[in-house]
Amino acid sequence: MTVKIEKYNVNFRSQIIDIWEESVRATHHFLHSTDFDFYKSMVKEIDFTAFDVFCILTESSEMAGFFGVADKKLEMLFLKPSFIGQGIGKLSLGFALNELKITEVDVNEDNINAVIFYQKNGFKIYDRMPLDSTNKPYPILKMKL
C-alpha cells in the first residue's frame with residue numbers, strides 16, 4: 001500500500017481524535033470504560049501544533065493513522081484498526097527514526113502487540129513505571145534503542 005506522510009494541520013484534528021478512539025478501543029482492552037472516557041477527554045485537549053505530529057494518508061487521502069514526536073521521543077502512534085498489520089506502523093516508525101531521530105518510546109505494558117512491535121524494531125525496555133502519567137494503574141514500559 002502506498003501512503004504519504006503529511007505534517008499535521010488543524011483540518012486533521014477531528015480525524016485524529018476519531019482514529020485515536022478507534023485504535024484504543026481495538027488495542028487497549030485492558031482499559032476500564034471510565035478510564036477510556038477520561039483519556040479521551042485528555043486527547044481532545046491536546047494542542048497537536050505544540051510538537052511534531054504527522055498524519056499518514058492513503059492514495060485516496062484517507063487518514064490511516066498519525067504519530068507524534070517531541071524531544072526525540074515517540075509520544076504517540078495510532079492507526080485505524082483496518083490498517084493495522086499492513087506495514088503502515090513500521091513505515092511511520094521508520095520515518096520517526098530516520099527523519100526525526102527518535103530514540104525512545106513509552107508503551108502500556110498490557111498492550112502486548114505494541115511492546116512486541118517496538119522490540120522487533122530495536123527498542124529495549126530500560127524501565128517500568130507501575131502507574132501511567134495520570135497515576136492510573138496502567139504500567140508503562142520505557143523503551144529506547
# chains A, B, ... in the order shown; residues from 1 in each chain; ligands from 1
call {"tool": "residues_around", "arguments": {"residues": "Pro139 (chain A)", "least_positions_apart": "3", "cutoff": "10 Å", "atoms": "only C-alpha atoms", "output": "short mmCIF file (atom, residue, chain, number, x, y, z; two decimals) with N, CA and C atoms, in the first residue's frame"}}
result
data_model
loop_
_atom_site.label_atom_id
_atom_site.label_comp_id
_atom_site.auth_asym_id
_atom_site.auth_seq_id
_atom_site.Cartn_x
_atom_site.Cartn_y
_atom_site.Cartn_z
N VAL A 107 5.32 2.72 26.33
CA VAL A 107 4.21 1.90 25.85
C VAL A 107 3.53 1.24 27.05
N ASN A 108 2.20 1.11 26.96
CA ASN A 108 1.48 0.40 28.01
C ASN A 108 1.95 -1.05 28.04
N GLU A 109 2.32 -1.51 29.21
CA GLU A 109 2.79 -2.89 29.37
C GLU A 109 1.74 -3.90 28.89
N ASP A 110 0.47 -3.59 29.08
CA ASP A 110 -0.59 -4.51 28.70
C ASP A 110 -0.95 -4.46 27.22
N ASN A 111 -0.35 -3.56 26.48
CA ASN A 111 -0.54 -3.50 25.04
C ASN A 111 0.56 -4.37 24.41
N ARG A 128 10.39 0.43 34.08
CA ARG A 128 8.96 0.14 34.18
C ARG A 128 8.37 1.03 35.26
N MET A 129 7.32 1.73 34.89
CA MET A 129 6.62 2.59 35.84
C MET A 129 5.30 1.88 36.19
N PRO A 130 5.00 1.68 37.47
CA PRO A 130 3.77 0.96 37.84
C PRO A 130 2.50 1.73 37.54
N LEU A 131 2.61 3.07 37.43
CA LEU A 131 1.47 3.92 37.13
C LEU A 131 1.77 4.72 35.86
N ASP A 132 0.71 5.08 35.15
CA ASP A 132 0.94 5.92 33.98
C ASP A 132 1.10 7.38 34.42
N SER A 133 1.19 8.28 33.46
CA SER A 133 1.47 9.69 33.78
C SER A 133 0.31 10.38 34.49
N ASN A 135 -1.25 8.77 36.96
CA ASN A 135 -1.29 7.99 38.21
C ASN A 135 -2.37 6.92 38.23
N LYS A 136 -2.72 6.44 37.06
CA LYS A 136 -3.66 5.32 36.96
C LYS A 136 -2.85 4.03 36.89
N LYS A 142 9.22 1.87 29.63
CA LYS A 142 10.04 2.87 28.98
C LYS A 142 11.04 2.10 28.11
#
call {"tool": "select_by_dssp", "arguments": {"residues": "region 11-122 of chain A", "states": "helix (DSSP H, G or I)", "output": "PyMOL selection string"}}
result
chain A and resi 11-27+33-44+81-83+88-98+112-120
call {"tool": "write_last_selection", "arguments": {"atoms": "C-alpha atoms", "output": "CSV table (one decimal), in the first residue's frame"}}
result
chain,number,residue,atom,x,y,z
A,11,ASN,CA,-8.1,20.3,9.3
A,12,PHE,CA,-6.9,16.9,10.5
A,13,ARG,CA,-7.9,17.4,14.2
A,14,SER,CA,-11.3,15.6,14.3
A,15,GLN,CA,-9.9,12.7,12.2
A,16,ILE,CA,-7.0,12.3,14.6
A,17,ILE,CA,-9.4,12.2,17.6
A,18,ASP,CA,-11.6,9.6,15.8
A,19,ILE,CA,-8.6,7.4,14.9
A,20,TRP,CA,-7.3,7.6,18.5
A,21,GLU,CA,-10.6,6.4,19.7
A,22,GLU,CA,-10.9,3.6,17.2
A,23,SER,CA,-7.4,2.5,17.7
A,24,VAL,CA,-7.6,2.5,21.5
A,25,ARG,CA,-10.9,0.6,21.5
A,26,ALA,CA,-9.3,-2.1,19.3
A,27,THR,CA,-5.9,-2.4,21.1
A,33,SER,CA,-14.6,2.2,30.4
A,34,THR,CA,-14.5,5.1,32.8
A,35,ASP,CA,-10.7,5.4,32.2
A,36,PHE,CA,-11.3,5.4,28.4
A,37,ASP,CA,-13.6,8.4,28.8
A,38,PHE,CA,-11.0,10.1,31.0
A,39,TYR,CA,-8.2,9.6,28.4
A,40,LYS,CA,-10.5,10.7,25.5
A,41,SER,CA,-11.2,13.9,27.3
A,42,MET,CA,-7.5,14.5,27.6
A,43,VAL,CA,-6.8,13.7,24.0
A,44,LYS,CA,-9.5,16.3,23.0
A,81,PRO,CA,-7.8,-0.8,13.1
A,82,SER,CA,-8.4,-1.6,9.4
A,83,PHE,CA,-4.8,-0.5,8.6
A,88,ILE,CA,2.0,1.4,8.0
A,89,GLY,CA,3.1,1.3,11.6
A,90,LYS,CA,6.6,0.2,10.5
A,91,LEU,CA,6.7,2.8,7.8
A,92,SER,CA,5.7,5.5,10.3
A,93,LEU,CA,8.2,4.3,12.9
A,94,GLY,CA,10.9,4.3,10.1
A,95,PHE,CA,10.1,7.9,9.3
A,96,ALA,CA,10.3,8.8,13.0
A,97,LEU,CA,13.6,7.0,13.4
A,98,ASN,CA,15.3,8.3,10.2
A,112,ILE,CA,1.4,-6.7,24.2
A,113,ASN,CA,1.3,-6.2,20.4
A,114,ALA,CA,2.8,-2.7,20.7
A,115,VAL,CA,5.5,-4.0,23.0
A,116,ILE,CA,6.4,-6.7,20.5
A,117,PHE,CA,6.3,-4.2,17.6
A,118,TYR,CA,8.8,-1.9,19.3
A,119,GLN,CA,11.0,-4.8,20.3
A,120,LYS,CA,11.1,-6.1,16.8
call {"tool": "select_by_dssp", "arguments": {"residues": "chain A", "states": "strand (DSSP E)", "output": "count of residues only"}}
result
43
call {"tool": "atom_distance", "arguments": {"atom1": "CA of Thr58 (chain A)", "atom2": "CA of Met1 (chain A)"}}
result
7.8 Å
call {"tool": "atom_distance", "arguments": {"atom1": "CA of His28 (chain A)", "atom2": "CA of Tyr138 (chain A)"}}
result
10.5 Å
call {"tool": "closest_residue", "arguments": {"among": "A:Val3, A:Ile102, A:Met143, A:Leu31", "to": "Gly87 (chain A)", "atoms": "only C-alpha atoms"}}
result
A:Val3
call {"tool": "closest_residue", "arguments": {"among": "A:Leu141, A:Leu100, A:Leu77, A:Val10", "to": "Ala64 (chain A)", "atoms": "only C-alpha atoms"}}
result
A:Leu77
call {"tool": "atom_distance", "arguments": {"atom1": "CA of Asp127 (chain A)", "atom2": "CA of Val69 (chain A)"}}
result
19.8 Å
call {"tool": "closest_residue", "arguments": {"among": "A:Phe30, A:Ile125, A:Glu45, A:Ala50", "to": "Asn9 (chain A)", "atoms": "only C-alpha atoms"}}
result
A:Ala50
call {"tool": "closest_residue", "arguments": {"among": "A:His32, A:Phe66, A:Gly85, A:Asp52", "to": "Lys4 (chain A)", "atoms": "only C-alpha atoms"}}
result
A:Phe66
call {"tool": "decode", "arguments": {"residues": "region 63-119 of chain A", "atoms": "C-alpha atoms", "output": "PDB file, in the first residue's frame"}}
result
ATOM      1  CA  MET A  63      -6.214   9.065   7.029  1.00  0.00           C
ATOM      2  CA  ALA A  64      -4.810   5.697   8.091  1.00  0.00           C
ATOM      3  CA  GLY A  65      -3.188   6.955  11.289  1.00  0.00           C
ATOM      4  CA  PHE A  66      -0.954   9.513  12.907  1.00  0.00           C
ATOM      5  CA  PHE A  67       2.119   9.817  15.095  1.00  0.00           C
ATOM      6  CA  GLY A  68       3.739  12.491  17.207  1.00  0.00           C
ATOM      7  CA  VAL A  69       7.283  13.175  18.357  1.00  0.00           C
ATOM      8  CA  ALA A  70       8.737  15.517  20.979  1.00  0.00           C
ATOM      9  CA  ASP A  71      12.350  15.700  22.133  1.00  0.00           C
ATOM     10  CA  LYS A  72      13.380  12.597  20.140  1.00  0.00           C
ATOM     11  CA  LYS A  73      10.665  10.546  21.811  1.00  0.00           C
ATOM     12  CA  LEU A  74       7.746   8.930  20.016  1.00  0.00           C
ATOM     13  CA  GLU A  75       4.813  10.236  22.026  1.00  0.00           C
ATOM     14  CA  MET A  76       2.023   8.589  20.058  1.00  0.00           C
ATOM     15  CA  LEU A  77       1.425   6.256  17.142  1.00  0.00           C
ATOM     16  CA  PHE A  78      -2.149   5.256  16.382  1.00  0.00           C
ATOM     17  CA  LEU A  79      -3.611   3.535  13.348  1.00  0.00           C
ATOM     18  CA  LYS A  80      -7.154   2.889  12.239  1.00  0.00           C
ATOM     19  CA  PRO A  81      -7.774  -0.768  13.102  1.00  0.00           C
ATOM     20  CA  SER A  82      -8.390  -1.628   9.446  1.00  0.00           C
ATOM     21  CA  PHE A  83      -4.817  -0.548   8.647  1.00  0.00           C
ATOM     22  CA  ILE A  84      -3.065  -2.427  11.470  1.00  0.00           C
ATOM     23  CA  GLY A  85      -0.794  -5.175  10.160  1.00  0.00           C
ATOM     24  CA  GLN A  86      -0.296  -3.618   6.717  1.00  0.00           C
ATOM     25  CA  GLY A  87       3.164  -2.146   7.298  1.00  0.00           C
ATOM     26  CA  ILE A  88       1.977   1.399   7.982  1.00  0.00           C
ATOM     27  CA  GLY A  89       3.139   1.348  11.594  1.00  0.00           C
ATOM     28  CA  LYS A  90       6.580   0.177  10.509  1.00  0.00           C
ATOM     29  CA  LEU A  91       6.712   2.849   7.803  1.00  0.00           C
ATOM     30  CA  SER A  92       5.692   5.530  10.317  1.00  0.00           C
ATOM     31  CA  LEU A  93       8.232   4.330  12.852  1.00  0.00           C
ATOM     32  CA  GLY A  94      10.909   4.296  10.138  1.00  0.00           C
ATOM     33  CA  PHE A  95      10.116   7.922   9.317  1.00  0.00           C
ATOM     34  CA  ALA A  96      10.278   8.848  13.008  1.00  0.00           C
ATOM     35  CA  LEU A  97      13.587   7.010  13.399  1.00  0.00           C
ATOM     36  CA  ASN A  98      15.280   8.285  10.245  1.00  0.00           C
ATOM     37  CA  GLU A  99      13.849  11.768   9.813  1.00  0.00           C
ATOM     38  CA  LEU A 100      13.029  12.802  13.381  1.00  0.00           C
ATOM     39  CA  LYS A 101      15.813  10.816  15.079  1.00  0.00           C
ATOM     40  CA  ILE A 102      13.674   9.335  17.853  1.00  0.00           C
ATOM     41  CA  THR A 103      15.436   7.179  20.407  1.00  0.00           C
ATOM     42  CA  GLU A 104      12.693   6.452  22.955  1.00  0.00           C
ATOM     43  CA  VAL A 105       9.083   5.421  23.343  1.00  0.00           C
ATOM     44  CA  ASP A 106       6.788   4.645  26.275  1.00  0.00           C
ATOM     45  CA  VAL A 107       4.208   1.896  25.851  1.00  0.00           C
ATOM     46  CA  ASN A 108       1.481   0.395  28.008  1.00  0.00           C
ATOM     47  CA  GLU A 109       2.790  -2.886  29.373  1.00  0.00           C
ATOM     48  CA  ASP A 110      -0.591  -4.512  28.705  1.00  0.00           C
ATOM     49  CA  ASN A 111      -0.541  -3.504  25.036  1.00  0.00           C
ATOM     50  CA  ILE A 112       1.417  -6.650  24.205  1.00  0.00           C
ATOM     51  CA  ASN A 113       1.296  -6.208  20.421  1.00  0.00           C
ATOM     52  CA  ALA A 114       2.787  -2.717  20.720  1.00  0.00           C
ATOM     53  CA  VAL A 115       5.547  -3.961  23.037  1.00  0.00           C
ATOM     54  CA  ILE A 116       6.418  -6.710  20.537  1.00  0.00           C
ATOM     55  CA  PHE A 117       6.284  -4.225  17.629  1.00  0.00           C
ATOM     56  CA  TYR A 118       8.784  -1.886  19.263  1.00  0.00           C
ATOM     57  CA  GLN A 119      11.038  -4.760  20.343  1.00  0.00           C
TER      58      GLN A 119
END
